[in-house]
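Engineer: Pasting in a structure now, in structure tokens, and then I'll have a few things to ask.
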Amino acid sequence: VDRRGFGPLRQAIAAHVGPARGVICAPEQIVILSSTRQAIQLAVTLLTEPGEAAAVEDPGYLGARQILGSGGLKLATIPVDGEGADPDRLAGVRLIYLTPSHQYPLGVAMSLRRRMAALGVAERLGAWIIEDDYDGEFQNRGHPAPSLHGLSGGGRVI
């Protein structure tokens with residue numbers, strides 16, 4: 001039994017997310033989990049130590065705040081406006097939790113400028129971005145915005 005999840009499902013996901021969202025990955029890189037909360041918890045466990053800092057959107061998903069806080073992380077907030085989260089003033093964080101395609105709870109899509117800024121901040125800080133693309137494929141018009149993972153080539157984005 002593969003602990004990452006059912007192999008054919010991971011293969012189908014890898015085949016879908018490339019053309020749909022620009023996420024180029026192998027099935028071996030995909031882990032099937034039961035919830036967003038479980039995914040955030042796994043990232044916190046694997047990538048951080050208690051006392052490090054993590055950033056969350058403000059306003060944002062309360063579940064992410066709870067999980068990051070329960071992992072012993074200090075929380076910094078990222079203001080959200082009409083262009084989505086504004087990461088420009090982040091410093092000293094190890095994880096950055098973002099909902100770029102459909103910000104929760106405001107519903108705005110993060111602009112390409114802000115997406116690139118978030119990737120630059122993560123690179124500069126050596127931080128990981130947890131991209132919660134919970135309904136990024138649902139768009140009223142046009143194509144979905146590129147995922148952070150796709151824009152980064154998979155660099156520092158989970």
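Chains: A, B, ... in order of the structure tokens. Residues: from 1 per chain. Ligands: from 1, in order shown.
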Taking the backbone alone, and naming residues the way the document does, which bits of stretch 2-55 of chain A are helix (DSSP H, G or I) by DSSP, as a PyMOL selection string?
Structural biologist: chain A and resi 7-21+27-29+36-47
Engineer: Where does stretch 13-114 of chain A meet stretch 126-130 of chain A within 9 Å, residue by residue, with the nearest atom pair and distance in Å to one decimal for each, counting only C-alpha atoms, listed by chain and rising number, as a Markdown table?
Structural biologist:
| residue | atom | partner | partner_atom | distance |
| --- | --- | --- | --- | --- |
| A:Ile40 | CA | A:Ile130 | CA | 7.5 |
| A:Ala43 | CA | A:Ile130 | CA | 8.0 |
| A:Leu47 | CA | A:Trp128 | CA | 8.1 |
| A:Ala54 | CA | A:Ala127 | CA | 8.9 |
| A:Gly92 | CA | A:Ala127 | CA | 8.5 |
| A:Val93 | CA | A:Ala127 | CA | 6.3 |
| A:Arg94 | CA | A:Ala127 | CA | 4.4 |
| A:Leu95 | CA | A:Trp128 | CA | 4.8 |
| A:Ile96 | CA | A:Ile129 | CA | 4.6 |
| A:Tyr97 | CA | A:Ile130 | CA | 4.8 |
| A:Leu98 | CA | A:Ile130 | CA | 6.2 |
| A:Thr99 | CA | A:Ile130 | CA | 8.5 |
Engineer: Considering only C-alpha atoms, state which residue in the set A:Ala91, A:Leu148, A:Ser101, A:Glu131 is at the smallest distance from A:Arg115.
Structural biologist: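 Under the stated criterion, the closest residue is A:Leu148.
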Engineer: Hey, which of A:Leu151, A:Leu9, A:Ile67, A:Leu46 ends up closest to A:Val23? Count only C-alpha atoms.
Structural biologist: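 Among A:Leu151, A:Leu9, A:Ile67, A:Leu46, it is A:Leu151 that comes nearest to A:Val23.
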Engineer: Can you pull out every residue within 9 Å of A:Ala12, counting only C-alpha atoms, but drop anything in the same chain fewer than 5 positions away, and send it as JSON, numbers by chain?
Structural biologist: {"A": [7, 17, 27]}
Engineer: Run DSSP on the backbone and tell me which residues of chain A come out as strand (DSSP E); list them as a ChimeraX atom specification.
Structural biologist: /A:53-58,74-81,84-85,95-98,128-131
Engineer: A:Gly150: which residues within 7 Å, counting only C-alpha atoms, same-chain residues fewer than 5 positions away excluded, as a list of chain:residue names?
Structural biologist: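 So the residues in contact are A:Arg21, A:Gly22, A:Val23, A:Ile24.
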Engineer: How would the residues just picked look written out with N, CA, C and O atoms as a PDB file, in the first residue's frame?
Structural biologist:
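Output file again.pdb is given in full below:
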ATOM      1  N   ARG A  21      -3.674  23.925 -14.841  1.00  0.00           N
ATOM      2  CA  ARG A  21      -3.193  24.940 -13.897  1.00  0.00           C
ATOM      3  C   ARG A  21      -1.713  25.249 -14.035  1.00  0.00           C
ATOM      4  O   ARG A  21      -1.166  26.005 -13.243  1.00  0.00           O
ATOM      5  N   GLY A  22      -1.021  24.638 -14.990  1.00  0.00           N
ATOM      6  CA  GLY A  22       0.399  24.910 -15.163  1.00  0.00           C
ATOM      7  C   GLY A  22       1.278  24.249 -14.121  1.00  0.00           C
ATOM      8  O   GLY A  22       2.435  24.620 -13.959  1.00  0.00           O
ATOM      9  N   VAL A  23       0.734  23.279 -13.397  1.00  0.00           N
ATOM     10  CA  VAL A  23       1.498  22.573 -12.364  1.00  0.00           C
ATOM     11  C   VAL A  23       2.111  21.334 -13.005  1.00  0.00           C
ATOM     12  O   VAL A  23       1.411  20.390 -13.331  1.00  0.00           O
ATOM     13  N   ILE A  24       3.412  21.384 -13.207  1.00  0.00           N
ATOM     14  CA  ILE A  24       4.093  20.252 -13.806  1.00  0.00           C
ATOM     15  C   ILE A  24       4.697  19.421 -12.671  1.00  0.00           C
ATOM     16  O   ILE A  24       5.569  19.882 -11.939  1.00  0.00           O
TER      17      ILE A  24
END
Engineer: Counting only C-alpha atoms, figure out which residue out of A:Met110, A:Val1, A:Ala64, A:Cys25 gets nearest to A:Ile158.
Structural biologist: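 Of all the options, A:Cys25 lies closest to A:Ile158.
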Engineer: At what distance in Å, to one decimal, does atom CA of A:Thr36 lie from atom CA of A:Gly71?
Structural biologist: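 Going from atom CA of A:Gly71 over to atom CA of A:Thr36, I get 15.4 Å.
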Engineer: Can you pull out the residues contacting A:Glu28? Cut-off 10 Å, using only C-alpha atoms, and skip same-chain residues under 6 positions away; I want them as a PyMOL selection string.
Structural biologist: chain A and resi 4-5+7+10-11+14
Engineer: Take the residues from that selection and put them in a file with C-alpha atoms, as a tab-separated table (two decimals), in the first residue's frame.
Structural biologist:
chain	number	residue	atom	x	y	z
A	4	ARG	CA	0.80	8.75	-0.71
A	5	GLY	CA	-2.57	7.46	-1.93
A	7	GLY	CA	-1.54	5.38	-7.61
A	10	ARG	CA	-2.23	10.41	-8.35
A	11	GLN	CA	-1.43	9.73	-12.03
A	14	ALA	CA	-0.69	14.84	-12.34
Engineer: For A:Leu73, which residue out of A:Ala39, A:Val44, A:Tyr61, A:Leu90 is the nearest one, using only C-alpha atoms?
Structural biologist: A:Val44
Engineer: As an exercise, work out the distance from atom CA of A:Ala20 to atom CA of A:Ala117 in Å and give it to one decimal place.
Structural biologist: 22.6 Å
Engineer: Between atom CA of A:Val31 and atom CA of A:Leu112, what is the spacing in Å?
Structural biologist: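 Interatomic distance, atom CA of A:Leu112 to atom CA of A:Val31: 27.3 Å.
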Engineer: Could you tell me which of A:Ser34, A:Leu42, A:Pro19, A:Val108 comes closest to A:Pro146 if we count only C-alpha atoms?
Structural biologist: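 Counting only C-alpha atoms, the residue closest to A:Pro146 is A:Pro19.
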